[in-house]
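Working notes for the structure below.
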Amino acid sequence: MQFKLPDNMSIVYNDDKRFEATNRAITIDIYPRKGEDLTYSGMKKAIVAWAQQEQLYYDRYDVNNEEQPIYLDNLNRYWGCAIDGAKGGNPATMLLLVNPDKPDISLYVWIAYNNGYSQDVMQILESFEPM
């Protein structure tokens with residue numbers, strides 16, 4: 001997997017269990033998991049369970065009036081499922097990615113950000129692609 005971080009982000013943590021980068025306005029965490037073999041339809045259940053575990057507050061419908069979680073179709077060959085919400089009063093987005101060619105690997109992505117940075121977050125989310 002590869003993706004594009006904004007130039008001003010610093011990597012805080014990086015190993016086989018977690019990746020974290022931040023610039024104080026945006027923090028991204030990525031948790032790879034193996035062996036889940038999620039189907040496209042199974043992704044919704046997995047991301048809802050993760051949102052509950054992390055106590056992410058989200059509305060049933062997003063700002064585009066789509067029921068959450070939503071499937072994302074512009075993810076460079078990845079299957080994607082996302083939830084937009086908030087935690088601790090700050091906006092946050094959860095994304096679950098699966099490469100359909102390697103469905104045994106799932107990427108759980110958490111992005112917390114300050115108000116006004118949603119476009120930057122979308123650029124990061126849309127930059128993920130398999131290697």
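In the structure tokens, chains take letters A, B, ... by order of appearance, with residues numbered from 1 within each chain and ligands from 1 in the order shown.
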Go through chain A and collect every residue that DSSP, computed from the backbone, puts in alpha helix (DSSP H); the answer should be as a PyMOL selection string.
chain A and resi 42-53+118-125
Write out, as a PDB file, in the first residue's frame, the residues just selected, with N, CA and C atoms.
```pdb
ATOM      1  N   GLY A  42     -19.169  -7.611   3.851  1.00  0.00           N
ATOM      2  CA  GLY A  42     -18.755  -7.777   5.235  1.00  0.00           C
ATOM      3  C   GLY A  42     -18.015  -6.586   5.802  1.00  0.00           C
ATOM      4  N   MET A  43     -17.573  -5.689   4.928  1.00  0.00           N
ATOM      5  CA  MET A  43     -16.828  -4.513   5.377  1.00  0.00           C
ATOM      6  C   MET A  43     -17.693  -3.599   6.239  1.00  0.00           C
ATOM      7  N   LYS A  44     -18.973  -3.464   5.895  1.00  0.00           N
ATOM      8  CA  LYS A  44     -19.853  -2.577   6.678  1.00  0.00           C
ATOM      9  C   LYS A  44     -19.957  -3.051   8.121  1.00  0.00           C
ATOM     10  N   LYS A  45     -20.146  -4.336   8.326  1.00  0.00           N
ATOM     11  CA  LYS A  45     -20.240  -4.858   9.692  1.00  0.00           C
ATOM     12  C   LYS A  45     -18.947  -4.610  10.459  1.00  0.00           C
ATOM     13  N   ALA A  46     -17.821  -4.809   9.798  1.00  0.00           N
ATOM     14  CA  ALA A  46     -16.527  -4.642  10.465  1.00  0.00           C
ATOM     15  C   ALA A  46     -16.277  -3.189  10.859  1.00  0.00           C
ATOM     16  N   ILE A  47     -16.610  -2.237   9.985  1.00  0.00           N
ATOM     17  CA  ILE A  47     -16.341  -0.841  10.306  1.00  0.00           C
ATOM     18  C   ILE A  47     -17.318  -0.311  11.361  1.00  0.00           C
ATOM     19  N   VAL A  48     -18.549  -0.793  11.350  1.00  0.00           N
ATOM     20  CA  VAL A  48     -19.507  -0.394  12.391  1.00  0.00           C
ATOM     21  C   VAL A  48     -19.037  -0.913  13.749  1.00  0.00           C
ATOM     22  N   ALA A  49     -18.552  -2.143  13.785  1.00  0.00           N
ATOM     23  CA  ALA A  49     -18.040  -2.696  15.043  1.00  0.00           C
ATOM     24  C   ALA A  49     -16.840  -1.882  15.535  1.00  0.00           C
ATOM     25  N   TRP A  50     -15.973  -1.482  14.625  1.00  0.00           N
ATOM     26  CA  TRP A  50     -14.810  -0.673  15.007  1.00  0.00           C
ATOM     27  C   TRP A  50     -15.245   0.701  15.514  1.00  0.00           C
ATOM     28  N   ALA A  51     -16.238   1.311  14.853  1.00  0.00           N
ATOM     29  CA  ALA A  51     -16.748   2.622  15.296  1.00  0.00           C
ATOM     30  C   ALA A  51     -17.319   2.523  16.711  1.00  0.00           C
ATOM     31  N   GLN A  52     -18.045   1.456  16.991  1.00  0.00           N
ATOM     32  CA  GLN A  52     -18.586   1.274  18.337  1.00  0.00           C
ATOM     33  C   GLN A  52     -17.472   1.082  19.354  1.00  0.00           C
ATOM     34  N   GLN A  53     -16.482   0.284  19.013  1.00  0.00           N
ATOM     35  CA  GLN A  53     -15.349   0.036  19.902  1.00  0.00           C
ATOM     36  C   GLN A  53     -14.608   1.333  20.221  1.00  0.00           C
ATOM     37  N   SER A 118     -11.255  19.198   5.929  1.00  0.00           N
ATOM     38  CA  SER A 118     -11.892  18.047   5.289  1.00  0.00           C
ATOM     39  C   SER A 118     -11.382  17.818   3.866  1.00  0.00           C
ATOM     40  N   GLN A 119     -11.049  18.865   3.119  1.00  0.00           N
ATOM     41  CA  GLN A 119     -10.511  18.679   1.760  1.00  0.00           C
ATOM     42  C   GLN A 119      -9.148  17.981   1.795  1.00  0.00           C
ATOM     43  N   ASP A 120      -8.311  18.353   2.766  1.00  0.00           N
ATOM     44  CA  ASP A 120      -7.016  17.694   2.910  1.00  0.00           C
ATOM     45  C   ASP A 120      -7.194  16.213   3.250  1.00  0.00           C
ATOM     46  N   VAL A 121      -8.153  15.929   4.105  1.00  0.00           N
ATOM     47  CA  VAL A 121      -8.437  14.547   4.476  1.00  0.00           C
ATOM     48  C   VAL A 121      -8.885  13.758   3.249  1.00  0.00           C
ATOM     49  N   MET A 122      -9.753  14.329   2.438  1.00  0.00           N
ATOM     50  CA  MET A 122     -10.223  13.637   1.228  1.00  0.00           C
ATOM     51  C   MET A 122      -9.071  13.359   0.276  1.00  0.00           C
ATOM     52  N   GLN A 123      -8.131  14.275   0.148  1.00  0.00           N
ATOM     53  CA  GLN A 123      -6.970  14.039  -0.710  1.00  0.00           C
ATOM     54  C   GLN A 123      -6.145  12.859  -0.208  1.00  0.00           C
ATOM     55  N   ILE A 124      -5.983  12.760   1.105  1.00  0.00           N
ATOM     56  CA  ILE A 124      -5.256  11.618   1.661  1.00  0.00           C
ATOM     57  C   ILE A 124      -6.015  10.328   1.378  1.00  0.00           C
ATOM     58  N   LEU A 125      -7.324  10.315   1.660  1.00  0.00           N
ATOM     59  CA  LEU A 125      -8.123   9.100   1.479  1.00  0.00           C
ATOM     60  C   LEU A 125      -8.112   8.632   0.027  1.00  0.00           C
TER      61      LEU A 125
END
```
Members of chain A assigned strand (DSSP E) by DSSP, as a PDB file with N, CA, C and O atoms, in the first residue's frame:
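The new file part.pdb reads:
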```pdb
ATOM      1  N   SER A  10       4.534  14.667   9.924  1.00  0.00           N
ATOM      2  CA  SER A  10       5.656  13.908  10.465  1.00  0.00           C
ATOM      3  C   SER A  10       5.186  12.529  10.887  1.00  0.00           C
ATOM      4  O   SER A  10       4.119  12.384  11.481  1.00  0.00           O
ATOM      5  N   ILE A  11       6.003  11.533  10.598  1.00  0.00           N
ATOM      6  CA  ILE A  11       5.692  10.174  11.023  1.00  0.00           C
ATOM      7  C   ILE A  11       6.050  10.042  12.493  1.00  0.00           C
ATOM      8  O   ILE A  11       7.171  10.328  12.904  1.00  0.00           O
ATOM      9  N   VAL A  12       5.066   9.625  13.279  1.00  0.00           N
ATOM     10  CA  VAL A  12       5.229   9.481  14.718  1.00  0.00           C
ATOM     11  C   VAL A  12       5.547   8.039  15.087  1.00  0.00           C
ATOM     12  O   VAL A  12       6.326   7.768  15.997  1.00  0.00           O
ATOM     13  N   TYR A  13       4.924   7.100  14.367  1.00  0.00           N
ATOM     14  CA  TYR A  13       5.045   5.683  14.705  1.00  0.00           C
ATOM     15  C   TYR A  13       4.912   4.874  13.431  1.00  0.00           C
ATOM     16  O   TYR A  13       4.057   5.174  12.595  1.00  0.00           O
ATOM     17  N   ASN A  14       5.736   3.839  13.272  1.00  0.00           N
ATOM     18  CA  ASN A  14       5.652   3.027  12.069  1.00  0.00           C
ATOM     19  C   ASN A  14       6.238   1.645  12.326  1.00  0.00           C
ATOM     20  O   ASN A  14       7.444   1.498  12.483  1.00  0.00           O
ATOM     21  N   PHE A  19       0.744   2.537  11.941  1.00  0.00           N
ATOM     22  CA  PHE A  19       1.419   3.677  11.344  1.00  0.00           C
ATOM     23  C   PHE A  19       0.688   4.918  11.835  1.00  0.00           C
ATOM     24  O   PHE A  19      -0.542   4.945  11.853  1.00  0.00           O
ATOM     25  N   GLU A  20       1.418   5.937  12.248  1.00  0.00           N
ATOM     26  CA  GLU A  20       0.791   7.190  12.666  1.00  0.00           C
ATOM     27  C   GLU A  20       1.618   8.362  12.153  1.00  0.00           C
ATOM     28  O   GLU A  20       2.844   8.352  12.240  1.00  0.00           O
ATOM     29  N   ALA A  21       0.906   9.360  11.620  1.00  0.00           N
ATOM     30  CA  ALA A  21       1.538  10.600  11.180  1.00  0.00           C
ATOM     31  C   ALA A  21       0.627  11.758  11.571  1.00  0.00           C
ATOM     32  O   ALA A  21      -0.597  11.607  11.653  1.00  0.00           O
ATOM     33  N   THR A  22       1.230  12.935  11.806  1.00  0.00           N
ATOM     34  CA  THR A  22       0.441  14.093  12.213  1.00  0.00           C
ATOM     35  C   THR A  22       1.115  15.395  11.793  1.00  0.00           C
ATOM     36  O   THR A  22       2.327  15.421  11.543  1.00  0.00           O
ATOM     37  N   ILE A  26      -4.101  17.415  11.422  1.00  0.00           N
ATOM     38  CA  ILE A  26      -4.594  16.116  10.950  1.00  0.00           C
ATOM     39  C   ILE A  26      -3.719  15.038  11.563  1.00  0.00           C
ATOM     40  O   ILE A  26      -2.493  15.149  11.565  1.00  0.00           O
ATOM     41  N   THR A  27      -4.354  13.994  12.077  1.00  0.00           N
ATOM     42  CA  THR A  27      -3.628  12.816  12.534  1.00  0.00           C
ATOM     43  C   THR A  27      -4.213  11.608  11.832  1.00  0.00           C
ATOM     44  O   THR A  27      -5.430  11.437  11.796  1.00  0.00           O
ATOM     45  N   ILE A  28      -3.339  10.790  11.267  1.00  0.00           N
ATOM     46  CA  ILE A  28      -3.779   9.576  10.584  1.00  0.00           C
ATOM     47  C   ILE A  28      -3.131   8.373  11.253  1.00  0.00           C
ATOM     48  O   ILE A  28      -1.934   8.379  11.528  1.00  0.00           O
ATOM     49  N   ASP A  29      -3.947   7.372  11.545  1.00  0.00           N
ATOM     50  CA  ASP A  29      -3.480   6.096  12.086  1.00  0.00           C
ATOM     51  C   ASP A  29      -3.945   5.000  11.136  1.00  0.00           C
ATOM     52  O   ASP A  29      -5.100   5.010  10.698  1.00  0.00           O
ATOM     53  N   ILE A  30      -3.065   4.053  10.863  1.00  0.00           N
ATOM     54  CA  ILE A  30      -3.407   2.920  10.010  1.00  0.00           C
ATOM     55  C   ILE A  30      -3.039   1.642  10.762  1.00  0.00           C
ATOM     56  O   ILE A  30      -1.920   1.500  11.252  1.00  0.00           O
ATOM     57  N   TYR A  31      -4.017   0.739  10.859  1.00  0.00           N
ATOM     58  CA  TYR A  31      -3.840  -0.532  11.543  1.00  0.00           C
ATOM     59  C   TYR A  31      -4.062  -1.666  10.545  1.00  0.00           C
ATOM     60  O   TYR A  31      -5.215  -1.949  10.193  1.00  0.00           O
ATOM     61  N   PRO A  32      -3.008  -2.300  10.063  1.00  0.00           N
ATOM     62  CA  PRO A  32      -3.210  -3.438   9.161  1.00  0.00           C
ATOM     63  C   PRO A  32      -3.612  -4.680   9.953  1.00  0.00           C
ATOM     64  O   PRO A  32      -3.159  -4.889  11.078  1.00  0.00           O
ATOM     65  N   ARG A  33      -4.498  -5.465   9.369  1.00  0.00           N
ATOM     66  CA  ARG A  33      -4.911  -6.733   9.978  1.00  0.00           C
ATOM     67  C   ARG A  33      -4.834  -7.816   8.914  1.00  0.00           C
ATOM     68  O   ARG A  33      -5.133  -7.575   7.746  1.00  0.00           O
ATOM     69  N   LYS A  34      -4.480  -9.000   9.346  1.00  0.00           N
ATOM     70  CA  LYS A  34      -4.400 -10.139   8.430  1.00  0.00           C
ATOM     71  C   LYS A  34      -5.412 -11.196   8.833  1.00  0.00           C
ATOM     72  O   LYS A  34      -5.751 -11.339   9.997  1.00  0.00           O
ATOM     73  N   ILE A  70     -20.651   4.264   4.293  1.00  0.00           N
ATOM     74  CA  ILE A  70     -20.800   4.389   2.843  1.00  0.00           C
ATOM     75  C   ILE A  70     -19.677   3.625   2.151  1.00  0.00           C
ATOM     76  O   ILE A  70     -18.587   3.475   2.689  1.00  0.00           O
ATOM     77  N   TYR A  71     -19.977   3.118   0.977  1.00  0.00           N
ATOM     78  CA  TYR A  71     -18.940   2.515   0.146  1.00  0.00           C
ATOM     79  C   TYR A  71     -18.313   3.625  -0.686  1.00  0.00           C
ATOM     80  O   TYR A  71     -19.005   4.521  -1.157  1.00  0.00           O
ATOM     81  N   LEU A  72     -17.010   3.563  -0.839  1.00  0.00           N
ATOM     82  CA  LEU A  72     -16.285   4.528  -1.650  1.00  0.00           C
ATOM     83  C   LEU A  72     -15.807   3.831  -2.911  1.00  0.00           C
ATOM     84  O   LEU A  72     -15.243   2.748  -2.846  1.00  0.00           O
ATOM     85  N   TRP A  79     -11.218  -1.812  -2.342  1.00  0.00           N
ATOM     86  CA  TRP A  79     -12.579  -1.709  -1.838  1.00  0.00           C
ATOM     87  C   TRP A  79     -12.516  -0.775  -0.645  1.00  0.00           C
ATOM     88  O   TRP A  79     -11.595  -0.854   0.169  1.00  0.00           O
ATOM     89  N   GLY A  80     -13.472   0.098  -0.497  1.00  0.00           N
ATOM     90  CA  GLY A  80     -13.442   1.026   0.623  1.00  0.00           C
ATOM     91  C   GLY A  80     -14.814   1.231   1.234  1.00  0.00           C
ATOM     92  O   GLY A  80     -15.831   1.241   0.552  1.00  0.00           O
ATOM     93  N   CYS A  81     -14.820   1.392   2.542  1.00  0.00           N
ATOM     94  CA  CYS A  81     -16.024   1.643   3.306  1.00  0.00           C
ATOM     95  C   CYS A  81     -15.655   2.673   4.367  1.00  0.00           C
ATOM     96  O   CYS A  81     -14.602   2.564   5.003  1.00  0.00           O
ATOM     97  N   ALA A  82     -16.499   3.707   4.561  1.00  0.00           N
ATOM     98  CA  ALA A  82     -16.129   4.799   5.461  1.00  0.00           C
ATOM     99  C   ALA A  82     -17.296   5.256   6.319  1.00  0.00           C
ATOM    100  O   ALA A  82     -18.458   5.084   5.960  1.00  0.00           O
ATOM    101  N   ILE A  83     -16.921   5.857   7.448  1.00  0.00           N
ATOM    102  CA  ILE A  83     -17.867   6.510   8.354  1.00  0.00           C
ATOM    103  C   ILE A  83     -17.273   7.864   8.727  1.00  0.00           C
ATOM    104  O   ILE A  83     -16.116   7.945   9.128  1.00  0.00           O
ATOM    105  N   ASP A  84     -18.073   8.911   8.570  1.00  0.00           N
ATOM    106  CA  ASP A  84     -17.690  10.248   9.026  1.00  0.00           C
ATOM    107  C   ASP A  84     -18.419  10.530  10.325  1.00  0.00           C
ATOM    108  O   ASP A  84     -19.625  10.319  10.426  1.00  0.00           O
ATOM    109  N   GLY A  85     -17.683  11.010  11.311  1.00  0.00           N
ATOM    110  CA  GLY A  85     -18.289  11.294  12.597  1.00  0.00           C
ATOM    111  C   GLY A  85     -17.429  12.234  13.415  1.00  0.00           C
ATOM    112  O   GLY A  85     -16.727  13.084  12.870  1.00  0.00           O
ATOM    113  N   ALA A  86     -17.483  12.042  14.725  1.00  0.00           N
ATOM    114  CA  ALA A  86     -16.707  12.885  15.633  1.00  0.00           C
ATOM    115  C   ALA A  86     -16.372  12.107  16.892  1.00  0.00           C
ATOM    116  O   ALA A  86     -17.104  11.198  17.288  1.00  0.00           O
ATOM    117  N   LYS A  87     -15.272  12.486  17.489  1.00  0.00           N
ATOM    118  CA  LYS A  87     -14.890  11.944  18.778  1.00  0.00           C
ATOM    119  C   LYS A  87     -14.255  13.085  19.561  1.00  0.00           C
ATOM    120  O   LYS A  87     -13.384  13.782  19.055  1.00  0.00           O
ATOM    121  N   ASN A  90     -14.149  16.649  17.924  1.00  0.00           N
ATOM    122  CA  ASN A  90     -13.408  16.890  16.687  1.00  0.00           C
ATOM    123  C   ASN A  90     -13.872  15.946  15.593  1.00  0.00           C
ATOM    124  O   ASN A  90     -14.184  14.788  15.864  1.00  0.00           O
ATOM    125  N   PRO A  91     -13.879  16.410  14.332  1.00  0.00           N
ATOM    126  CA  PRO A  91     -14.261  15.533  13.231  1.00  0.00           C
ATOM    127  C   PRO A  91     -13.291  14.359  13.106  1.00  0.00           C
ATOM    128  O   PRO A  91     -12.095  14.486  13.388  1.00  0.00           O
ATOM    129  N   ALA A  92     -13.821  13.242  12.672  1.00  0.00           N
ATOM    130  CA  ALA A  92     -13.008  12.044  12.451  1.00  0.00           C
ATOM    131  C   ALA A  92     -13.644  11.210  11.350  1.00  0.00           C
ATOM    132  O   ALA A  92     -14.866  11.203  11.194  1.00  0.00           O
ATOM    133  N   THR A  93     -12.806  10.542  10.602  1.00  0.00           N
ATOM    134  CA  THR A  93     -13.256   9.641   9.554  1.00  0.00           C
ATOM    135  C   THR A  93     -12.585   8.297   9.761  1.00  0.00           C
ATOM    136  O   THR A  93     -11.389   8.229  10.022  1.00  0.00           O
ATOM    137  N   MET A  94     -13.380   7.255   9.650  1.00  0.00           N
ATOM    138  CA  MET A  94     -12.867   5.889   9.683  1.00  0.00           C
ATOM    139  C   MET A  94     -12.995   5.331   8.280  1.00  0.00           C
ATOM    140  O   MET A  94     -14.018   5.528   7.620  1.00  0.00           O
ATOM    141  N   LEU A  95     -11.960   4.636   7.857  1.00  0.00           N
ATOM    142  CA  LEU A  95     -11.953   4.027   6.536  1.00  0.00           C
ATOM    143  C   LEU A  95     -11.451   2.601   6.671  1.00  0.00           C
ATOM    144  O   LEU A  95     -10.469   2.352   7.381  1.00  0.00           O
ATOM    145  N   LEU A  96     -12.119   1.692   6.020  1.00  0.00           N
ATOM    146  CA  LEU A  96     -11.688   0.300   5.961  1.00  0.00           C
ATOM    147  C   LEU A  96     -11.370  -0.002   4.506  1.00  0.00           C
ATOM    148  O   LEU A  96     -12.214   0.186   3.629  1.00  0.00           O
ATOM    149  N   LEU A  97     -10.132  -0.420   4.251  1.00  0.00           N
ATOM    150  CA  LEU A  97      -9.681  -0.720   2.895  1.00  0.00           C
ATOM    151  C   LEU A  97      -9.336  -2.186   2.765  1.00  0.00           C
ATOM    152  O   LEU A  97      -8.721  -2.769   3.673  1.00  0.00           O
ATOM    153  N   VAL A  98      -9.692  -2.767   1.624  1.00  0.00           N
ATOM    154  CA  VAL A  98      -9.320  -4.138   1.305  1.00  0.00           C
ATOM    155  C   VAL A  98      -8.896  -4.162  -0.156  1.00  0.00           C
ATOM    156  O   VAL A  98      -9.589  -3.625  -1.023  1.00  0.00           O
ATOM    157  N   ILE A 105      -5.747  -9.196   3.793  1.00  0.00           N
ATOM    158  CA  ILE A 105      -5.176  -8.023   4.453  1.00  0.00           C
ATOM    159  C   ILE A 105      -6.189  -6.888   4.434  1.00  0.00           C
ATOM    160  O   ILE A 105      -6.689  -6.502   3.379  1.00  0.00           O
ATOM    161  N   SER A 106      -6.510  -6.365   5.612  1.00  0.00           N
ATOM    162  CA  SER A 106      -7.428  -5.230   5.763  1.00  0.00           C
ATOM    163  C   SER A 106      -6.648  -4.069   6.361  1.00  0.00           C
ATOM    164  O   SER A 106      -5.766  -4.267   7.201  1.00  0.00           O
ATOM    165  N   LEU A 107      -6.976  -2.871   5.952  1.00  0.00           N
ATOM    166  CA  LEU A 107      -6.354  -1.671   6.504  1.00  0.00           C
ATOM    167  C   LEU A 107      -7.429  -0.834   7.174  1.00  0.00           C
ATOM    168  O   LEU A 107      -8.368  -0.381   6.515  1.00  0.00           O
ATOM    169  N   TYR A 108      -7.302  -0.657   8.476  1.00  0.00           N
ATOM    170  CA  TYR A 108      -8.224   0.172   9.243  1.00  0.00           C
ATOM    171  C   TYR A 108      -7.565   1.538   9.406  1.00  0.00           C
ATOM    172  O   TYR A 108      -6.487   1.645   9.989  1.00  0.00           O
ATOM    173  N   VAL A 109      -8.201   2.562   8.850  1.00  0.00           N
ATOM    174  CA  VAL A 109      -7.620   3.901   8.822  1.00  0.00           C
ATOM    175  C   VAL A 109      -8.481   4.833   9.661  1.00  0.00           C
ATOM    176  O   VAL A 109      -9.701   4.918   9.463  1.00  0.00           O
ATOM    177  N   TRP A 110      -7.848   5.533  10.584  1.00  0.00           N
ATOM    178  CA  TRP A 110      -8.520   6.524  11.440  1.00  0.00           C
ATOM    179  C   TRP A 110      -7.887   7.873  11.137  1.00  0.00           C
ATOM    180  O   TRP A 110      -6.663   8.015  11.214  1.00  0.00           O
ATOM    181  N   ILE A 111      -8.703   8.856  10.764  1.00  0.00           N
ATOM    182  CA  ILE A 111      -8.182  10.202  10.547  1.00  0.00           C
ATOM    183  C   ILE A 111      -8.989  11.167  11.404  1.00  0.00           C
ATOM    184  O   ILE A 111     -10.199  11.299  11.241  1.00  0.00           O
ATOM    185  N   ALA A 112      -8.306  11.820  12.333  1.00  0.00           N
ATOM    186  CA  ALA A 112      -8.902  12.867  13.157  1.00  0.00           C
ATOM    187  C   ALA A 112      -8.341  14.194  12.664  1.00  0.00           C
ATOM    188  O   ALA A 112      -7.154  14.274  12.320  1.00  0.00           O
ATOM    189  N   TYR A 113      -9.193  15.206  12.623  1.00  0.00           N
ATOM    190  CA  TYR A 113      -8.729  16.470  12.052  1.00  0.00           C
ATOM    191  C   TYR A 113      -9.491  17.642  12.638  1.00  0.00           C
ATOM    192  O   TYR A 113     -10.584  17.489  13.177  1.00  0.00           O
TER     193      TYR A 113
END
```
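Note that CA of Glu36 (chain A) and CA of Pro130 (chain A) are 17.7 Å apart.
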Measure the distance from CA of Pro103 (chain A) to CA of Glu54 (chain A) in Å and round it to one decimal.
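These two atoms are separated by 23.5 Å.
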Do you have the CA of Glu66 (chain A)-CA of Phe3 (chain A) distance handy?
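Separation between CA of Glu66 (chain A) and CA of Phe3 (chain A): 25.7 Å.
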